[in-house]
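Reproduced below: model03.cif, with mmCIF, C-alpha atoms.
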```
data_coords
#
loop_
_atom_site.group_PDB
_atom_site.id
_atom_site.type_symbol
_atom_site.label_atom_id
_atom_site.label_comp_id
_atom_site.auth_asym_id
_atom_site.auth_seq_id
_atom_site.Cartn_x
_atom_site.Cartn_y
_atom_site.Cartn_z
ATOM 1 C CA MET A 224 -68.206 71.482 -25.214
ATOM 2 C CA LEU A 225 -64.646 72.666 -25.551
ATOM 3 C CA LEU A 226 -63.929 71.573 -22.002
ATOM 4 C CA SER A 227 -65.307 68.132 -22.652
ATOM 5 C CA ARG A 228 -63.127 67.764 -25.726
ATOM 6 C CA ARG A 229 -60.049 68.754 -23.735
ATOM 7 C CA LEU A 230 -60.864 66.280 -21.029
ATOM 8 C CA LEU A 231 -61.358 63.571 -23.623
ATOM 9 C CA LEU A 232 -58.019 64.311 -25.270
ATOM 10 C CA HIS A 233 -56.299 64.423 -21.923
ATOM 11 C CA SER A 234 -57.831 61.104 -20.932
ATOM 12 C CA ALA A 235 -56.828 59.526 -24.236
ATOM 13 C CA ALA A 236 -53.257 60.743 -23.804
ATOM 14 C CA TYR A 237 -53.152 59.430 -20.277
ATOM 15 C CA VAL A 238 -54.491 56.041 -21.381
ATOM 16 C CA GLN A 239 -51.883 55.866 -24.145
ATOM 17 C CA LYS A 240 -49.191 56.747 -21.670
ATOM 18 C CA LEU A 241 -50.359 53.956 -19.386
ATOM 19 C CA LYS A 242 -50.302 51.532 -22.292
ATOM 20 C CA ASP A 243 -46.782 52.603 -23.199
ATOM 21 C CA CYS A 244 -45.663 52.132 -19.592
ATOM 22 C CA GLU A 245 -47.265 48.699 -19.483
ATOM 23 C CA VAL A 246 -45.496 47.642 -22.690
ATOM 24 C CA SER A 247 -42.185 48.991 -21.362
ATOM 25 C CA ILE A 248 -42.591 47.046 -18.113
ATOM 26 C CA LYS A 249 -43.352 43.830 -19.989
ATOM 27 C CA GLU A 250 -40.328 44.282 -22.211
ATOM 28 C CA GLN A 251 -38.182 45.021 -19.178
ATOM 29 C CA ARG A 252 -39.402 41.904 -17.431
ATOM 30 C CA LYS A 253 -38.852 39.834 -20.560
ATOM 31 C CA ARG A 254 -35.347 41.234 -20.961
ATOM 32 C CA GLU A 255 -34.532 40.555 -17.313
ATOM 33 C CA LYS A 256 -35.874 37.026 -17.656
ATOM 34 C CA LEU A 257 -33.686 36.377 -20.700
ATOM 35 C CA GLU A 258 -30.642 37.774 -18.912
ATOM 36 C CA GLN A 259 -31.404 35.605 -15.890
ATOM 37 C CA GLU A 260 -31.753 32.499 -18.021
ATOM 38 C CA ASP A 261 -28.518 33.297 -19.859
ATOM 39 C CA ALA A 262 -26.677 33.832 -16.568
ATOM 40 C CA GLU A 263 -28.024 30.548 -15.179
ATOM 41 C CA ARG A 264 -27.055 28.748 -18.376
ATOM 42 C CA ASN A 265 -23.515 30.164 -18.269
ATOM 43 C CA MET A 266 -23.232 29.278 -14.598
ATOM 44 C CA GLN A 267 -24.326 25.702 -15.320
ATOM 45 C CA ILE A 268 -21.769 25.440 -18.131
ATOM 46 C CA LEU A 269 -19.040 26.692 -15.796
ATOM 47 C CA LEU A 270 -20.139 24.302 -13.061
ATOM 48 C CA ASP A 271 -20.190 21.350 -15.471
ATOM 49 C CA PHE A 272 -16.709 22.258 -16.677
ATOM 50 C CA LEU A 273 -15.378 22.461 -13.131
ATOM 51 C CA HIS A 274 -16.871 19.055 -12.314
ATOM 52 C CA ILE A 275 -15.309 17.570 -15.448
ATOM 53 C CA LEU A 276 -11.971 19.209 -14.641
ATOM 54 C CA ARG A 277 -12.122 17.919 -11.081
ATOM 55 C CA LYS A 278 -12.862 14.380 -12.275
ATOM 56 C CA GLN A 279 -10.020 14.579 -14.782
ATOM 57 C CA LYS A 280 -7.566 15.779 -12.145
ATOM 58 C CA VAL A 281 -8.724 13.102 -9.696
ATOM 59 C CA ASP A 282 -8.190 10.473 -12.389
ATOM 60 C CA GLU A 283 -4.740 11.908 -13.118
ATOM 61 C CA LEU A 284 -3.943 11.919 -9.405
ATOM 62 C CA ASN A 285 -5.035 8.297 -9.077
ATOM 63 C CA GLU A 286 -2.949 7.408 -12.110
ATOM 64 C CA ILE A 287 0.069 9.215 -10.675
ATOM 65 C CA GLN A 288 -0.407 7.450 -7.341
ATOM 66 C CA ASN A 289 -0.602 4.117 -9.149
ATOM 67 C CA ASP A 290 2.515 5.013 -11.145
ATOM 68 C CA LEU A 291 4.321 5.953 -7.938
ATOM 69 C CA GLN A 292 3.378 2.600 -6.449
ATOM 70 C CA TYR A 293 4.705 0.812 -9.543
ATOM 71 C CA ILE A 294 7.883 2.904 -9.416
ATOM 72 C CA LYS A 295 8.348 1.983 -5.755
ATOM 73 C CA GLU A 296 7.899 -1.708 -6.550
ATOM 74 C CA ASP A 297 10.295 -1.456 -9.504
ATOM 75 C CA ILE A 298 12.914 0.336 -7.401
ATOM 76 C CA ASN A 299 12.695 -2.361 -4.730
ATOM 77 C CA ALA A 300 12.994 -5.099 -7.364
ATOM 78 C CA VAL A 301 16.013 -3.454 -9.002
ATOM 79 C CA GLU A 302 17.689 -2.842 -5.628
ATOM 80 C CA ARG A 303 17.227 -6.500 -4.669
ATOM 81 C CA HIS A 304 18.645 -7.645 -7.988
ATOM 82 C CA ARG A 305 21.586 -5.253 -7.691
ATOM 83 C CA ILE A 306 22.380 -6.583 -4.215
ATOM 84 C CA GLU A 307 22.294 -10.113 -5.618
ATOM 85 C CA LEU A 308 24.715 -9.069 -8.375
ATOM 86 C CA TYR A 309 27.081 -7.524 -5.822
ATOM 87 C CA ARG A 310 26.949 -10.658 -3.713
ATOM 88 C CA ALA A 311 27.674 -12.816 -6.755
ATOM 89 C CA LYS A 312 30.590 -10.521 -7.609
ATOM 90 C CA ASP A 313 31.936 -10.818 -4.060
ATOM 91 C CA ARG A 314 31.609 -14.603 -4.191
ATOM 92 C CA PHE A 315 33.447 -14.674 -7.507
ATOM 93 C CA SER A 316 36.212 -12.420 -6.162
ATOM 94 C CA LEU A 317 36.555 -14.599 -3.070
ATOM 95 C CA LYS A 318 36.706 -17.726 -5.194
ATOM 96 C CA LEU A 319 39.296 -16.115 -7.464
ATOM 97 C CA GLN A 320 41.359 -15.070 -4.447
ATOM 98 C CA THR A 321 41.143 -18.601 -3.043
ATOM 99 C CA LEU A 322 42.303 -20.069 -6.345
ATOM 100 C CA SER A 323 45.127 -17.537 -6.480
ATOM 101 C CA ASP A 324 46.206 -18.424 -2.936
ATOM 102 C CA ASP A 325 46.079 -22.120 -3.806
ATOM 103 C CA CYS A 326 48.235 -21.513 -6.860
ATOM 104 C CA LEU A 327 50.729 -19.552 -4.778
ATOM 105 C CA GLY A 328 50.797 -22.368 -2.220
ATOM 106 C CA VAL A 329 51.427 -24.966 -4.906
ATOM 107 C CA ARG A 330 54.164 -22.834 -6.418
ATOM 108 C CA SER A 331 55.739 -22.321 -2.983
ATOM 109 C CA ARG A 332 55.754 -26.048 -2.275
ATOM 110 C CA SER A 333 57.073 -26.730 -5.762
ATOM 111 C CA SER A 334 59.880 -24.208 -5.246
ATOM 112 C CA SER A 335 60.777 -25.812 -1.905
ATOM 113 C CA ILE A 336 60.879 -29.251 -3.494
ATOM 114 C CA ASP A 337 62.956 -27.898 -6.370
ATOM 115 C CA ARG A 338 65.414 -26.285 -3.965
ATOM 116 C CA THR A 339 65.738 -29.587 -2.069
ATOM 117 C CA SER A 340 66.193 -31.494 -5.310
ATOM 118 C CA SER A 341 68.721 -28.928 -6.477
ATOM 119 C CA GLY A 342 70.704 -29.411 -3.266
ATOM 120 C CA LEU A 343 70.709 -33.163 -3.695
ATOM 121 C CA VAL A 344 71.762 -32.846 -7.301
ATOM 122 C CA SER A 345 74.535 -30.434 -6.371
ATOM 123 C CA SER A 346 75.858 -32.797 -3.695
ATOM 124 C CA SER A 347 75.914 -35.702 -6.093
ATOM 125 C CA ARG A 348 77.316 -33.728 -9.026
ATOM 126 C CA SER A 349 80.863 -34.810 -8.204
ATOM 127 C CA THR A 350 79.920 -38.470 -8.582
ATOM 128 C CA HIS A 351 77.731 -38.200 -11.658
ATOM 129 C CA GLY A 352 79.526 -35.486 -13.580
ATOM 130 C CA GLY A 353 78.183 -34.065 -16.821
ATOM 131 C CA ALA A 354 75.224 -36.450 -17.212
ATOM 132 C CA THR A 355 73.610 -35.215 -14.038
ATOM 133 C CA GLY A 356 74.234 -31.638 -15.030
ATOM 134 C CA SER A 357 72.511 -32.250 -18.345
ATOM 135 C CA PHE A 358 69.523 -33.813 -16.562
ATOM 136 C CA GLN A 359 69.290 -30.872 -14.165
ATOM 137 C CA TYR A 360 69.372 -28.453 -17.065
ATOM 138 C CA LYS A 361 66.547 -30.275 -18.786
ATOM 139 C CA LYS A 362 64.525 -30.374 -15.585
ATOM 140 C CA GLY A 363 65.029 -26.673 -14.978
ATOM 141 C CA ASP A 364 64.088 -25.909 -18.567
ATOM 142 C CA SER A 365 60.957 -28.071 -18.248
ATOM 143 C CA LYS A 366 60.031 -26.262 -15.042
ATOM 144 C CA ALA A 367 60.437 -22.908 -16.749
ATOM 145 C CA GLN A 368 58.205 -24.057 -19.605
ATOM 146 C CA PHE A 369 55.566 -25.293 -17.155
ATOM 147 C CA SER A 370 55.509 -22.292 -14.858
ATOM 148 C CA SER A 371 55.728 -19.598 -17.498
ATOM 149 C CA PRO A 372 52.223 -20.081 -18.994
ATOM 150 C CA ALA A 373 50.695 -20.202 -15.521
ATOM 151 C CA ASN A 374 52.423 -16.996 -14.532
ATOM 152 C CA HIS A 375 51.373 -15.433 -17.821
ATOM 153 C CA ARG A 376 47.733 -16.410 -17.316
ATOM 154 C CA LYS A 377 47.737 -15.112 -13.745
ATOM 155 C CA ASP A 378 49.323 -11.800 -14.751
ATOM 156 C CA ALA A 379 46.831 -11.434 -17.594
ATOM 157 C CA SER A 380 43.949 -12.226 -15.251
ATOM 158 C CA LEU A 381 45.093 -9.701 -12.673
ATOM 159 C CA SER A 382 45.690 -7.128 -15.402
ATOM 160 C CA GLY A 383 42.151 -7.673 -16.684
ATOM 161 C CA LEU A 384 40.723 -7.257 -13.202
ATOM 162 C CA ASN A 385 42.622 -4.013 -12.745
ATOM 163 C CA THR A 386 41.510 -2.483 -16.056
ATOM 164 C CA GLN A 387 37.923 -3.795 -16.113
ATOM 165 C CA PRO A 388 36.489 -1.496 -13.387
ATOM 166 C CA MET A 389 37.790 1.561 -15.250
ATOM 167 C CA SER A 390 36.179 0.556 -18.540
ATOM 168 C CA GLN A 391 32.924 -0.485 -16.856
ATOM 169 C CA SER A 392 32.805 2.818 -14.953
ATOM 170 C CA GLY A 393 33.313 4.846 -18.115
ATOM 171 C CA LEU A 394 30.681 2.814 -19.940
ATOM 172 C CA ALA A 395 28.193 3.383 -17.116
ATOM 173 C CA VAL A 396 28.738 7.155 -17.323
ATOM 174 C CA VAL A 397 28.173 7.163 -21.084
ATOM 175 C CA ARG A 398 24.990 5.104 -20.776
ATOM 176 C CA LYS A 399 23.679 7.347 -17.993
ATOM 177 C CA LYS A 400 24.185 10.433 -20.180
ATOM 178 C CA ARG A 401 22.280 8.762 -23.007
ATOM 179 C CA VAL A 402 19.380 7.985 -20.682
ATOM 180 C CA HIS A 403 19.270 11.560 -19.345
ATOM 181 C CA ALA A 404 19.282 12.933 -22.901
ATOM 182 C CA GLN A 405 16.248 10.803 -23.818
ATOM 183 C CA VAL A 406 14.395 10.884 -20.497
ATOM 184 C CA SER A 407 11.083 11.942 -22.085
ATOM 185 C CA THR A 408 11.174 9.063 -24.546
ATOM 186 C CA PHE A 409 12.055 6.549 -21.858
ATOM 187 C CA ASN A 410 9.313 7.957 -19.650
ATOM 188 C CA LYS A 411 6.769 7.162 -22.369
ATOM 189 C CA LEU A 412 8.238 3.693 -22.823
ATOM 190 C CA TRP A 413 8.064 3.068 -19.097
ATOM 191 C CA ILE A 414 4.435 4.203 -19.001
ATOM 192 C CA LEU A 415 3.680 1.703 -21.761
ATOM 193 C CA SER A 416 5.329 -1.021 -19.720
ATOM 194 C CA VAL A 417 3.283 0.034 -16.689
ATOM 195 C CA THR A 418 0.101 -0.196 -18.768
ATOM 196 C CA CYS A 419 1.151 -3.675 -19.806
ATOM 197 C CA LYS A 420 1.654 -4.617 -16.163
ATOM 198 C CA ARG A 421 -1.782 -3.297 -15.272
ATOM 199 C CA VAL A 422 -3.400 -5.431 -17.969
ATOM 200 C CA LEU A 423 -1.506 -8.488 -16.785
ATOM 201 C CA PHE A 424 -2.431 -7.718 -13.197
ATOM 202 C CA ASN A 425 -6.105 -7.496 -14.093
ATOM 203 C CA GLN A 426 -5.825 -10.774 -15.966
ATOM 204 C CA GLY A 427 -4.082 -12.286 -12.964
ATOM 205 C CA GLU A 428 -7.020 -11.331 -10.786
ATOM 206 C CA LYS A 429 -9.232 -13.336 -13.141
ATOM 207 C CA GLY A 430 -7.148 -16.443 -12.620
ATOM 208 C CA ASN A 431 -4.307 -16.125 -15.125
ATOM 209 C CA THR A 432 -0.672 -16.358 -14.049
ATOM 210 C CA ILE A 433 1.671 -13.372 -14.229
ATOM 211 C CA VAL A 434 5.160 -14.365 -15.384
ATOM 212 C CA HIS A 435 8.114 -12.845 -13.489
ATOM 213 C CA ARG A 436 11.775 -12.820 -14.508
ATOM 214 C CA GLU A 437 14.616 -12.236 -12.028
ATOM 215 C CA GLY A 438 12.135 -10.806 -9.544
ATOM 216 C CA TYR A 439 10.912 -8.247 -12.084
ATOM 217 C CA SER A 440 7.390 -7.814 -13.318
ATOM 218 C CA THR A 441 6.933 -8.460 -17.017
ATOM 219 C CA GLY A 442 6.651 -4.775 -17.866
ATOM 220 C CA LEU A 443 9.868 -3.836 -16.078
ATOM 221 C CA ALA A 444 11.776 -6.713 -17.658
ATOM 222 C CA ASP A 445 10.663 -5.620 -21.132
ATOM 223 C CA PHE A 446 11.534 -2.001 -20.386
ATOM 224 C CA GLN A 447 14.995 -2.995 -19.144
ATOM 225 C CA THR A 448 15.584 -4.884 -22.398
ATOM 226 C CA VAL A 449 14.688 -1.815 -24.476
ATOM 227 C CA LEU A 450 16.745 0.506 -22.263
ATOM 228 C CA SER A 451 19.806 -1.762 -22.325
ATOM 229 C CA THR A 452 19.599 -2.170 -26.104
ATOM 230 C CA PHE A 453 19.350 1.594 -26.644
ATOM 231 C CA THR A 454 22.267 2.487 -24.380
ATOM 232 C CA ARG A 455 24.417 -0.310 -25.778
ATOM 233 C CA TYR A 456 24.112 0.432 -29.481
ATOM 234 C CA LYS A 457 23.120 4.113 -29.681
#
```
Structure translated into structure tokens:
Amino acid sequence: MLLSRRLLLHSAAYVQKLKDCEVSIKEQRKREKLEQEDAERNMQILLDFLHILRKQKVDELNEIQNDLQYIKEDINAVERHRIELYRAKDRFSLKLQTLSDDCLGVRSRSSSIDRTSSGLVSSSRSTHGGATGSFQYKKGDSKAQFSSPANHRKDASLSGLNTQPMSQSGLAVVRKKRVHAQVSTFNKLWILSVTCKRVLFNQGEKGNTIVHREGYSTGLADFQTVLSTFTRYK
């Protein structure tokens, strides 16, 4: 009887131990399942973020490539316009030189005629006396009055040409420093002008006409106006 009771107690303890082990295994499996699900969820979040980041960077890269293309087009447009300005300046200088040479030629011929006239007057002075001398004086005085303003204008023009490059060079340096000091602001303004060009380009594809000025796109022309105004009055 005592042996049977011991066996029964031992069996009950063993059964309870098995139940405890079974519960522990279930909890372990449940805990592992939760950890697995949490790890998968975190991995999916990380993967989604990386995909979003990749898309964002690709969009930024495409935008930068588009901006670089616009910058290249703007540089080419500005270079062409600058060459045209230099050519116009050369044509103006050549025209000014031609006019100056013509004026010198006229003055040379006038001086030769005056010297010839002076010789004739001198040879006839003995026959005409004081009246001729008075006429020659008046003629010489009239010549001085006529030639003096021309010489004055020419000297002033040449003086202006000599001093203008210095002042223009100094002004260009000052404006360049202003642009460098505000490069971030001008970068934003240029981006806005690029956005404007993109909108106009898209409209142009739908059949509308894009207006150009001096070979510039509308956005670049507007940006140049803002930039010139800032550097001129700031």
Where does the PyMOL selection byres ((chain A and resi 398) around 12) land in this file, that is, which residues does it pick, as a ChimeraX atom specification? /A:391-397,399-405,450-457
May I have the residues from that selection written out with C-alpha atoms, as a CSV table (one decimal), keeping the file's coordinate frame?
```csv
chain,number,residue,atom,x,y,z
A,391,GLN,CA,32.9,-0.5,-16.9
A,392,SER,CA,32.8,2.8,-15.0
A,393,GLY,CA,33.3,4.8,-18.1
A,394,LEU,CA,30.7,2.8,-19.9
A,395,ALA,CA,28.2,3.4,-17.1
A,396,VAL,CA,28.7,7.2,-17.3
A,397,VAL,CA,28.2,7.2,-21.1
A,399,LYS,CA,23.7,7.3,-18.0
A,400,LYS,CA,24.2,10.4,-20.2
A,401,ARG,CA,22.3,8.8,-23.0
A,402,VAL,CA,19.4,8.0,-20.7
A,403,HIS,CA,19.3,11.6,-19.3
A,404,ALA,CA,19.3,12.9,-22.9
A,405,GLN,CA,16.2,10.8,-23.8
A,450,LEU,CA,16.7,0.5,-22.3
A,451,SER,CA,19.8,-1.8,-22.3
A,452,THR,CA,19.6,-2.2,-26.1
A,453,PHE,CA,19.4,1.6,-26.6
A,454,THR,CA,22.3,2.5,-24.4
A,455,ARG,CA,24.4,-0.3,-25.8
A,456,TYR,CA,24.1,0.4,-29.5
A,457,LYS,CA,23.1,4.1,-29.7
```
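If you look at atom CA of Val406 of chain A and atom CA of Phe446 of chain A, they are 13.2 Å away from each other.
For the choices A:Asp290, A:Ser247, A:Leu273, A:Leu327, the atom-to-atom distance to Ser416 of chain A is smallest for A:Asp290 when using only C-alpha atoms.
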Please measure the separation of atom CA of Ile287 of chain A and atom CA of Val417 of chain A, giving the value in Å to one decimal.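 The value is 11.4 Å.
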Coordinates-based distance that separates atom CA of Asp297 of chain A from atom CA of Leu443 of chain A (Å, one decimal): 7.0 Å
